[in-house]
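File shown: run-v4.cif. Contents: mmCIF, N, CA and C atoms.
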```
data_coords
loop_
_atom_site.label_atom_id
_atom_site.label_comp_id
_atom_site.auth_asym_id
_atom_site.auth_seq_id
_atom_site.Cartn_x
_atom_site.Cartn_y
_atom_site.Cartn_z
N MET A 1 77.66 153.85 105.47
CA MET A 1 76.86 152.74 105.01
C MET A 1 77.09 151.55 105.94
N GLU A 2 76.03 150.83 106.26
CA GLU A 2 76.12 149.67 107.16
C GLU A 2 76.96 148.57 106.55
N PRO A 3 77.76 147.87 107.38
CA PRO A 3 78.58 146.77 106.85
C PRO A 3 77.77 145.68 106.15
N THR A 4 76.55 145.40 106.65
CA THR A 4 75.74 144.36 106.00
C THR A 4 75.27 144.80 104.62
N VAL A 5 74.97 146.09 104.47
CA VAL A 5 74.57 146.62 103.17
C VAL A 5 75.75 146.56 102.21
N VAL A 6 76.93 146.96 102.68
CA VAL A 6 78.13 146.90 101.85
C VAL A 6 78.40 145.47 101.43
N ALA A 7 78.31 144.53 102.37
CA ALA A 7 78.55 143.12 102.06
C ALA A 7 77.57 142.61 101.01
N ALA A 8 76.30 142.99 101.11
CA ALA A 8 75.31 142.56 100.12
C ALA A 8 75.62 143.14 98.74
N LEU A 9 76.01 144.40 98.69
CA LEU A 9 76.37 145.02 97.40
C LEU A 9 77.58 144.34 96.79
N LEU A 10 78.58 144.04 97.60
CA LEU A 10 79.78 143.38 97.09
C LEU A 10 79.48 141.98 96.61
N ALA A 11 78.62 141.26 97.30
CA ALA A 11 78.28 139.89 96.89
C ALA A 11 77.58 139.88 95.54
N ASN A 12 76.70 140.85 95.30
CA ASN A 12 75.99 140.91 94.03
C ASN A 12 76.91 141.23 92.87
N ARG A 13 78.00 141.93 93.12
CA ARG A 13 78.93 142.31 92.06
C ARG A 13 80.12 141.37 91.99
N ARG A 14 80.19 140.37 92.86
CA ARG A 14 81.35 139.48 93.01
C ARG A 14 82.60 140.35 93.18
N ALA A 15 82.58 141.05 94.29
CA ALA A 15 83.67 141.94 94.64
C ALA A 15 84.00 141.73 96.11
N ALA A 16 85.14 142.24 96.52
CA ALA A 16 85.58 142.13 97.91
C ALA A 16 86.43 143.34 98.23
N TRP A 17 86.63 143.58 99.52
CA TRP A 17 87.54 144.64 99.88
C TRP A 17 88.35 144.25 101.11
N VAL A 18 89.52 144.87 101.17
CA VAL A 18 90.44 144.70 102.29
C VAL A 18 90.80 146.10 102.75
N VAL A 19 90.77 146.33 104.05
CA VAL A 19 91.14 147.62 104.61
C VAL A 19 92.45 147.43 105.37
N ALA A 20 93.39 148.35 105.16
CA ALA A 20 94.69 148.31 105.85
C ALA A 20 94.94 149.66 106.49
N ASP A 21 95.64 149.65 107.62
CA ASP A 21 95.97 150.90 108.30
C ASP A 21 97.23 151.53 107.71
N GLN A 22 97.69 152.61 108.31
CA GLN A 22 98.86 153.33 107.80
C GLN A 22 100.13 152.51 107.89
N ALA A 23 100.17 151.53 108.79
CA ALA A 23 101.33 150.65 108.90
C ALA A 23 101.24 149.48 107.92
N LEU A 24 100.26 149.53 107.03
CA LEU A 24 100.00 148.48 106.03
C LEU A 24 99.70 147.13 106.68
N ARG A 25 98.92 147.15 107.75
CA ARG A 25 98.41 145.95 108.41
C ARG A 25 96.93 145.85 108.08
N VAL A 26 96.48 144.66 107.72
CA VAL A 26 95.08 144.43 107.38
C VAL A 26 94.24 144.59 108.65
N THR A 27 93.22 145.43 108.56
CA THR A 27 92.32 145.62 109.70
C THR A 27 91.00 144.91 109.51
N SER A 28 90.56 144.77 108.25
CA SER A 28 89.31 144.05 108.01
C SER A 28 89.24 143.57 106.58
N VAL A 29 88.41 142.55 106.39
CA VAL A 29 88.19 141.96 105.07
C VAL A 29 86.69 141.72 104.92
N ILE A 30 86.13 142.14 103.80
CA ILE A 30 84.75 141.79 103.46
C ILE A 30 84.80 141.08 102.12
N ASP A 31 84.48 139.79 102.16
CA ASP A 31 84.54 138.95 100.96
C ASP A 31 83.43 137.91 101.03
N VAL A 32 82.20 138.36 100.86
CA VAL A 32 81.03 137.49 100.98
C VAL A 32 81.03 136.39 99.92
N SER A 33 81.51 136.69 98.72
CA SER A 33 81.44 135.74 97.61
C SER A 33 82.63 134.78 97.55
N GLY A 34 83.63 134.95 98.42
CA GLY A 34 84.80 134.06 98.39
C GLY A 34 85.74 134.35 97.24
N LEU A 35 85.69 135.55 96.72
CA LEU A 35 86.51 135.93 95.57
C LEU A 35 88.00 135.82 95.87
N LEU A 36 88.40 136.15 97.08
CA LEU A 36 89.82 136.18 97.43
C LEU A 36 90.34 134.87 98.01
N GLY A 37 89.51 133.87 98.09
CA GLY A 37 89.95 132.61 98.67
C GLY A 37 89.80 132.64 100.18
N MET A 38 90.67 131.95 100.86
CA MET A 38 90.60 131.85 102.32
C MET A 38 91.23 133.10 102.94
N THR A 39 90.41 133.93 103.59
CA THR A 39 90.90 135.19 104.14
C THR A 39 90.74 135.27 105.66
N TRP A 40 90.36 134.20 106.29
CA TRP A 40 90.05 134.24 107.72
C TRP A 40 91.25 134.68 108.57
N ASP A 41 92.48 134.44 108.12
CA ASP A 41 93.65 134.80 108.92
C ASP A 41 94.30 136.12 108.47
N TRP A 42 93.65 136.86 107.59
CA TRP A 42 94.23 138.10 107.08
C TRP A 42 94.25 139.24 108.09
N PRO A 43 93.19 139.47 108.89
CA PRO A 43 93.24 140.61 109.82
C PRO A 43 94.46 140.51 110.75
N GLY A 44 95.21 141.62 110.81
CA GLY A 44 96.44 141.68 111.60
C GLY A 44 97.69 141.35 110.80
N ALA A 45 97.52 140.76 109.63
CA ALA A 45 98.67 140.39 108.80
C ALA A 45 99.17 141.59 108.01
N ALA A 46 100.42 141.53 107.59
CA ALA A 46 100.98 142.58 106.75
C ALA A 46 100.30 142.52 105.38
N LEU A 47 99.88 143.67 104.88
CA LEU A 47 99.19 143.75 103.60
C LEU A 47 100.01 143.13 102.48
N LEU A 48 101.31 143.38 102.47
CA LEU A 48 102.16 142.87 101.39
C LEU A 48 102.34 141.36 101.47
N ASN A 49 102.08 140.76 102.63
CA ASN A 49 102.15 139.30 102.74
C ASN A 49 100.91 138.65 102.15
N VAL A 50 99.75 139.26 102.36
CA VAL A 50 98.52 138.66 101.86
C VAL A 50 98.21 139.09 100.42
N LEU A 51 98.81 140.20 99.99
CA LEU A 51 98.65 140.67 98.61
C LEU A 51 100.03 140.90 98.01
N PRO A 52 100.73 139.82 97.69
CA PRO A 52 102.10 139.97 97.18
C PRO A 52 102.17 140.74 95.87
N GLU A 53 101.04 140.89 95.20
CA GLU A 53 101.01 141.67 93.95
C GLU A 53 101.38 143.13 94.20
N LEU A 54 101.29 143.57 95.46
CA LEU A 54 101.60 144.96 95.79
C LEU A 54 103.07 145.17 96.15
N VAL A 55 103.83 144.09 96.27
CA VAL A 55 105.26 144.24 96.55
C VAL A 55 105.90 145.01 95.41
N GLY A 56 106.68 146.01 95.75
CA GLY A 56 107.28 146.88 94.75
C GLY A 56 106.46 148.15 94.52
N SER A 57 105.26 148.20 95.08
CA SER A 57 104.39 149.37 94.94
C SER A 57 104.33 150.19 96.23
N GLU A 58 105.28 149.97 97.12
CA GLU A 58 105.24 150.63 98.42
C GLU A 58 105.22 152.16 98.30
N MET A 59 105.98 152.71 97.36
CA MET A 59 106.00 154.17 97.19
C MET A 59 104.64 154.67 96.70
N GLU A 60 104.01 153.92 95.81
CA GLU A 60 102.69 154.31 95.33
C GLU A 60 101.64 154.22 96.45
N LEU A 61 101.75 153.17 97.29
CA LEU A 61 100.83 153.03 98.42
C LEU A 61 100.99 154.20 99.37
N ALA A 62 102.25 154.60 99.64
CA ALA A 62 102.50 155.74 100.51
C ALA A 62 101.92 157.02 99.91
N ALA A 63 102.03 157.18 98.60
CA ALA A 63 101.48 158.36 97.93
C ALA A 63 99.95 158.38 98.04
N VAL A 64 99.32 157.22 97.89
CA VAL A 64 97.86 157.14 98.03
C VAL A 64 97.48 157.51 99.46
N LEU A 65 98.18 156.96 100.44
CA LEU A 65 97.91 157.29 101.84
C LEU A 65 98.11 158.77 102.13
N ALA A 66 99.08 159.38 101.45
CA ALA A 66 99.38 160.80 101.66
C ALA A 66 98.38 161.72 100.98
N GLY A 67 97.45 161.15 100.24
CA GLY A 67 96.40 161.96 99.64
C GLY A 67 96.46 162.12 98.15
N ARG A 68 97.28 161.32 97.46
CA ARG A 68 97.29 161.39 96.00
C ARG A 68 95.86 161.15 95.50
N PRO A 69 95.36 162.02 94.64
CA PRO A 69 93.96 161.92 94.26
C PRO A 69 93.60 160.69 93.42
N ASP A 70 94.51 160.21 92.61
CA ASP A 70 94.16 159.06 91.77
C ASP A 70 94.57 157.76 92.46
N PRO A 71 93.66 156.78 92.47
CA PRO A 71 93.97 155.50 93.12
C PRO A 71 94.95 154.68 92.29
N LEU A 72 95.49 153.66 92.92
CA LEU A 72 96.37 152.70 92.26
C LEU A 72 95.49 151.61 91.66
N HIS A 73 95.70 151.29 90.38
CA HIS A 73 94.92 150.24 89.71
C HIS A 73 95.87 149.16 89.20
N ILE A 74 95.49 147.91 89.44
CA ILE A 74 96.21 146.78 88.86
C ILE A 74 95.16 145.86 88.26
N ASP A 75 95.26 145.66 86.96
CA ASP A 75 94.27 144.85 86.25
C ASP A 75 94.77 143.43 86.03
N PHE A 76 93.83 142.52 85.95
CA PHE A 76 94.05 141.13 85.56
C PHE A 76 95.01 140.38 86.48
N LEU A 77 94.79 140.51 87.78
CA LEU A 77 95.53 139.68 88.72
C LEU A 77 94.87 138.31 88.74
N GLU A 78 95.65 137.28 88.60
CA GLU A 78 95.10 135.94 88.63
C GLU A 78 95.22 135.40 90.05
N ARG A 79 94.11 134.98 90.61
CA ARG A 79 94.07 134.47 91.98
C ARG A 79 93.18 133.23 92.01
N ALA A 80 93.21 132.53 93.11
CA ALA A 80 92.32 131.38 93.31
C ALA A 80 91.23 131.81 94.28
N ASP A 81 89.97 131.54 93.92
CA ASP A 81 88.88 131.89 94.83
C ASP A 81 88.71 130.80 95.88
N CYS A 82 87.64 130.86 96.66
CA CYS A 82 87.45 129.92 97.76
C CYS A 82 87.23 128.49 97.27
N ASP A 83 86.86 128.31 96.01
CA ASP A 83 86.69 126.98 95.43
C ASP A 83 87.95 126.52 94.69
N ALA A 84 89.05 127.24 94.87
CA ALA A 84 90.33 126.97 94.22
C ALA A 84 90.23 127.13 92.70
N LYS A 85 89.22 127.85 92.25
CA LYS A 85 89.03 128.14 90.83
C LYS A 85 89.82 129.40 90.49
N SER A 86 90.49 129.38 89.37
CA SER A 86 91.27 130.54 88.93
C SER A 86 90.35 131.65 88.47
N VAL A 87 90.55 132.85 89.04
CA VAL A 87 89.76 134.02 88.66
C VAL A 87 90.71 135.18 88.38
N TYR A 88 90.24 136.11 87.57
CA TYR A 88 90.97 137.35 87.33
C TYR A 88 90.26 138.45 88.09
N VAL A 89 91.03 139.28 88.77
CA VAL A 89 90.45 140.40 89.51
C VAL A 89 91.14 141.70 89.13
N ARG A 90 90.40 142.77 89.28
CA ARG A 90 90.94 144.13 89.14
C ARG A 90 91.07 144.67 90.56
N LEU A 91 92.24 145.18 90.88
CA LEU A 91 92.49 145.72 92.21
C LEU A 91 92.59 147.24 92.12
N THR A 92 91.83 147.91 92.94
CA THR A 92 91.90 149.36 93.06
C THR A 92 92.22 149.69 94.51
N VAL A 93 93.27 150.49 94.72
CA VAL A 93 93.68 150.88 96.07
C VAL A 93 93.49 152.38 96.19
N ALA A 94 92.67 152.78 97.16
CA ALA A 94 92.40 154.19 97.41
C ALA A 94 92.46 154.45 98.91
N ALA A 95 92.62 155.70 99.26
CA ALA A 95 92.68 156.09 100.67
C ALA A 95 91.32 156.55 101.15
N GLY A 96 91.12 156.42 102.44
CA GLY A 96 89.90 156.90 103.06
C GLY A 96 90.08 156.95 104.55
N ASP A 97 89.07 157.42 105.25
CA ASP A 97 89.12 157.51 106.71
C ASP A 97 88.33 156.37 107.33
N VAL A 98 88.93 155.73 108.31
CA VAL A 98 88.25 154.74 109.13
C VAL A 98 88.45 155.17 110.57
N GLU A 99 87.33 155.52 111.23
CA GLU A 99 87.40 155.98 112.62
C GLU A 99 88.43 157.09 112.79
N ALA A 100 88.38 158.08 111.91
CA ALA A 100 89.23 159.28 111.95
C ALA A 100 90.71 159.01 111.66
N ALA A 101 91.06 157.85 111.21
CA ALA A 101 92.44 157.55 110.83
C ALA A 101 92.49 157.20 109.35
N GLN A 102 93.56 157.61 108.71
CA GLN A 102 93.73 157.32 107.28
C GLN A 102 93.93 155.82 107.08
N ALA A 103 93.32 155.27 106.05
CA ALA A 103 93.42 153.84 105.76
C ALA A 103 93.47 153.62 104.26
N LEU A 104 93.92 152.45 103.88
CA LEU A 104 93.90 152.04 102.47
C LEU A 104 92.74 151.09 102.26
N PHE A 105 91.99 151.32 101.21
CA PHE A 105 90.91 150.44 100.82
C PHE A 105 91.35 149.72 99.55
N CYS A 106 91.44 148.43 99.61
CA CYS A 106 91.82 147.60 98.46
C CYS A 106 90.55 146.91 97.97
N VAL A 107 90.03 147.35 96.85
CA VAL A 107 88.77 146.83 96.33
C VAL A 107 89.07 145.90 95.16
N PHE A 108 88.53 144.69 95.24
CA PHE A 108 88.73 143.68 94.22
C PHE A 108 87.42 143.46 93.49
N GLU A 109 87.50 143.44 92.16
CA GLU A 109 86.32 143.20 91.33
C GLU A 109 86.63 142.05 90.38
N ASP A 110 85.71 141.10 90.30
CA ASP A 110 85.89 139.95 89.42
C ASP A 110 85.80 140.40 87.97
N VAL A 111 86.87 140.18 87.21
CA VAL A 111 86.89 140.50 85.78
C VAL A 111 87.31 139.25 85.00
N THR A 112 86.89 138.08 85.49
CA THR A 112 87.31 136.81 84.90
C THR A 112 86.91 136.70 83.44
N ASP A 113 85.68 137.06 83.11
CA ASP A 113 85.24 136.96 81.70
C ASP A 113 86.10 137.82 80.79
N LEU A 114 86.41 139.02 81.24
CA LEU A 114 87.26 139.91 80.47
C LEU A 114 88.68 139.36 80.37
N GLY A 115 89.18 138.79 81.46
CA GLY A 115 90.53 138.20 81.46
C GLY A 115 90.64 137.02 80.51
N ILE A 116 89.62 136.18 80.49
CA ILE A 116 89.61 135.02 79.59
C ILE A 116 89.56 135.50 78.14
N SER A 117 88.74 136.51 77.87
CA SER A 117 88.66 137.07 76.51
C SER A 117 90.01 137.64 76.09
N ARG A 118 90.66 138.33 76.99
CA ARG A 118 91.97 138.91 76.69
C ARG A 118 92.99 137.81 76.42
N GLN A 119 92.93 136.73 77.20
CA GLN A 119 93.85 135.61 77.00
C GLN A 119 93.61 134.95 75.64
N ARG A 120 92.36 134.78 75.26
CA ARG A 120 92.03 134.19 73.96
C ARG A 120 92.49 135.08 72.81
N LEU A 121 92.31 136.38 72.97
CA LEU A 121 92.76 137.32 71.95
C LEU A 121 94.28 137.24 71.77
N THR A 122 95.01 137.19 72.86
CA THR A 122 96.47 137.07 72.79
C THR A 122 96.88 135.77 72.12
N GLN A 123 96.19 134.68 72.46
CA GLN A 123 96.50 133.39 71.85
C GLN A 123 96.21 133.42 70.35
N SER A 124 95.09 134.02 69.96
CA SER A 124 94.75 134.11 68.53
C SER A 124 95.77 134.96 67.79
N ARG A 125 96.19 136.06 68.40
CA ARG A 125 97.19 136.93 67.79
C ARG A 125 98.51 136.18 67.60
N ASN A 126 98.91 135.41 68.61
CA ASN A 126 100.15 134.62 68.51
C ASN A 126 100.05 133.55 67.42
N GLU A 127 98.90 132.90 67.34
CA GLU A 127 98.71 131.89 66.30
C GLU A 127 98.75 132.53 64.91
N LEU A 128 98.18 133.70 64.76
CA LEU A 128 98.21 134.42 63.49
C LEU A 128 99.65 134.78 63.11
N LEU A 129 100.43 135.26 64.07
CA LEU A 129 101.85 135.58 63.79
C LEU A 129 102.62 134.35 63.38
N LEU A 130 102.37 133.22 64.04
CA LEU A 130 103.07 131.96 63.66
C LEU A 130 102.66 131.54 62.25
N ALA A 131 101.36 131.67 61.93
CA ALA A 131 100.91 131.31 60.58
C ALA A 131 101.54 132.22 59.52
N GLN A 132 101.64 133.51 59.82
CA GLN A 132 102.24 134.45 58.89
C GLN A 132 103.73 134.09 58.67
N ARG A 133 104.42 133.76 59.73
CA ARG A 133 105.84 133.40 59.61
C ARG A 133 106.02 132.11 58.82
N SER A 134 105.14 131.16 59.03
CA SER A 134 105.29 129.89 58.30
C SER A 134 104.97 130.09 56.82
N LEU A 135 104.06 131.00 56.48
CA LEU A 135 103.76 131.29 55.08
C LEU A 135 104.91 132.03 54.41
N ALA A 136 105.59 132.86 55.18
CA ALA A 136 106.72 133.63 54.63
C ALA A 136 107.86 132.68 54.41
#
```

Show how you would write the structure in this file as structure tokens.
Amino acid sequence: MEPTVVAALLANRRAAWVVADQALRVTSVIDVSGLLGMTWDWPGAALLNVLPELVGSEMELAAVLAGRPDPLHIDFLERADCDAKSVYVRLTVAAGDVEAAQALFCVFEDVTDLGISRQRLTQSRNELLLAQRSLA
């Protein structure tokens, strides 16, 4: 698929992707909607430096690169977009081929509405527990 077509599809879904090589170095970033914030200096950087949420997942990343069939999923990561607005994203990391070499594809999808709903639900649940305790 053409990069411009991919970029247009990602912009319509408010999604972005980062591609990293086997050495976990970022090779490219497509973020038309600014979901990930300022990414201009990411290519060439260590993946774990630009996505610190993956620190501690090195063994899982290696397993994905080695061909593990199920991707790595991390839900409700809170990040700042290009407008410094807080957004929640879902990160999916899967392996694929780029120019005949194995690579990691880190796909980000905006789930801010779902994250806010989840936060409100947790707050309501906590308030209910406090009310129950005060009544007891």

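All residues of region 67-123 of chain A that DSSP, run on the backbone, classes as helix (DSSP H, G or I) are Thr112, Asp113, Leu114, Gly115, Ile116, Ser117, Arg118, Gln119, Arg120, Leu121, Thr122 and Gln123 of chain A.
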
Reference answer for the PyMOL selection byres (((chain A and resi 21-25 and name CA) around 8) and name CA), as a PDB file with N, CA and C atoms, keeping the file's coordinate frame:
```pdb
ATOM      1  N   VAL A  19      90.770 146.330 104.050  1.00  0.00           N
ATOM      2  CA  VAL A  19      91.140 147.620 104.610  1.00  0.00           C
ATOM      3  C   VAL A  19      92.450 147.430 105.370  1.00  0.00           C
ATOM      4  N   ALA A  20      93.390 148.350 105.160  1.00  0.00           N
ATOM      5  CA  ALA A  20      94.690 148.310 105.850  1.00  0.00           C
ATOM      6  C   ALA A  20      94.940 149.660 106.490  1.00  0.00           C
ATOM      7  N   VAL A  26      96.480 144.660 107.720  1.00  0.00           N
ATOM      8  CA  VAL A  26      95.080 144.430 107.380  1.00  0.00           C
ATOM      9  C   VAL A  26      94.240 144.590 108.650  1.00  0.00           C
ATOM     10  N   THR A  27      93.220 145.430 108.560  1.00  0.00           N
ATOM     11  CA  THR A  27      92.320 145.620 109.700  1.00  0.00           C
ATOM     12  C   THR A  27      91.000 144.910 109.510  1.00  0.00           C
ATOM     13  N   PRO A  43      93.190 139.470 108.890  1.00  0.00           N
ATOM     14  CA  PRO A  43      93.240 140.610 109.820  1.00  0.00           C
ATOM     15  C   PRO A  43      94.460 140.510 110.750  1.00  0.00           C
ATOM     16  N   GLY A  44      95.210 141.620 110.810  1.00  0.00           N
ATOM     17  CA  GLY A  44      96.440 141.680 111.600  1.00  0.00           C
ATOM     18  C   GLY A  44      97.690 141.350 110.800  1.00  0.00           C
ATOM     19  N   ALA A  45      97.520 140.760 109.630  1.00  0.00           N
ATOM     20  CA  ALA A  45      98.670 140.390 108.800  1.00  0.00           C
ATOM     21  C   ALA A  45      99.170 141.590 108.010  1.00  0.00           C
ATOM     22  N   ALA A  46     100.420 141.530 107.590  1.00  0.00           N
ATOM     23  CA  ALA A  46     100.980 142.580 106.750  1.00  0.00           C
ATOM     24  C   ALA A  46     100.300 142.520 105.380  1.00  0.00           C
ATOM     25  N   LEU A  47      99.880 143.670 104.880  1.00  0.00           N
ATOM     26  CA  LEU A  47      99.190 143.750 103.600  1.00  0.00           C
ATOM     27  C   LEU A  47     100.010 143.130 102.480  1.00  0.00           C
ATOM     28  N   LEU A  48     101.310 143.380 102.470  1.00  0.00           N
ATOM     29  CA  LEU A  48     102.160 142.870 101.390  1.00  0.00           C
ATOM     30  C   LEU A  48     102.340 141.360 101.470  1.00  0.00           C
ATOM     31  N   LEU A  65      98.180 156.960 100.440  1.00  0.00           N
ATOM     32  CA  LEU A  65      97.910 157.290 101.840  1.00  0.00           C
ATOM     33  C   LEU A  65      98.110 158.770 102.130  1.00  0.00           C
ATOM     34  N   ALA A 101      91.060 157.850 111.210  1.00  0.00           N
ATOM     35  CA  ALA A 101      92.440 157.550 110.830  1.00  0.00           C
ATOM     36  C   ALA A 101      92.490 157.200 109.350  1.00  0.00           C
ATOM     37  N   GLN A 102      93.560 157.610 108.710  1.00  0.00           N
ATOM     38  CA  GLN A 102      93.730 157.320 107.280  1.00  0.00           C
ATOM     39  C   GLN A 102      93.930 155.820 107.080  1.00  0.00           C
ATOM     40  N   ALA A 103      93.320 155.270 106.050  1.00  0.00           N
ATOM     41  CA  ALA A 103      93.420 153.840 105.760  1.00  0.00           C
ATOM     42  C   ALA A 103      93.470 153.620 104.260  1.00  0.00           C
ATOM     43  N   LEU A 104      93.920 152.450 103.880  1.00  0.00           N
ATOM     44  CA  LEU A 104      93.900 152.040 102.470  1.00  0.00           C
ATOM     45  C   LEU A 104      92.740 151.090 102.260  1.00  0.00           C
TER      46      LEU A 104
END
```

### Hits from the PyMOL selection byres ((chain A and resi 81-84) around 5), listed as a PyMOL selection string
chain A and resi 34-38+79-80+85-86

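If you measure from each of A:Ala131, A:Leu72, A:Val107, A:Ala15 to Glu58 (chain A) using only C-alpha atoms, the closest one turns out to be A:Leu72.
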
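Here the question is which of A:His73, A:Asp41, A:Ala136, A:Phe105 gets nearest to Arg90 (chain A) using all atoms listed in the file, and that residue is A:His73.
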
### Task
Calculate how many Å separate atom C of Pro52 (chain A) from atom C of Arg68 (chain A), rounding to one decimal.
21.4 Å
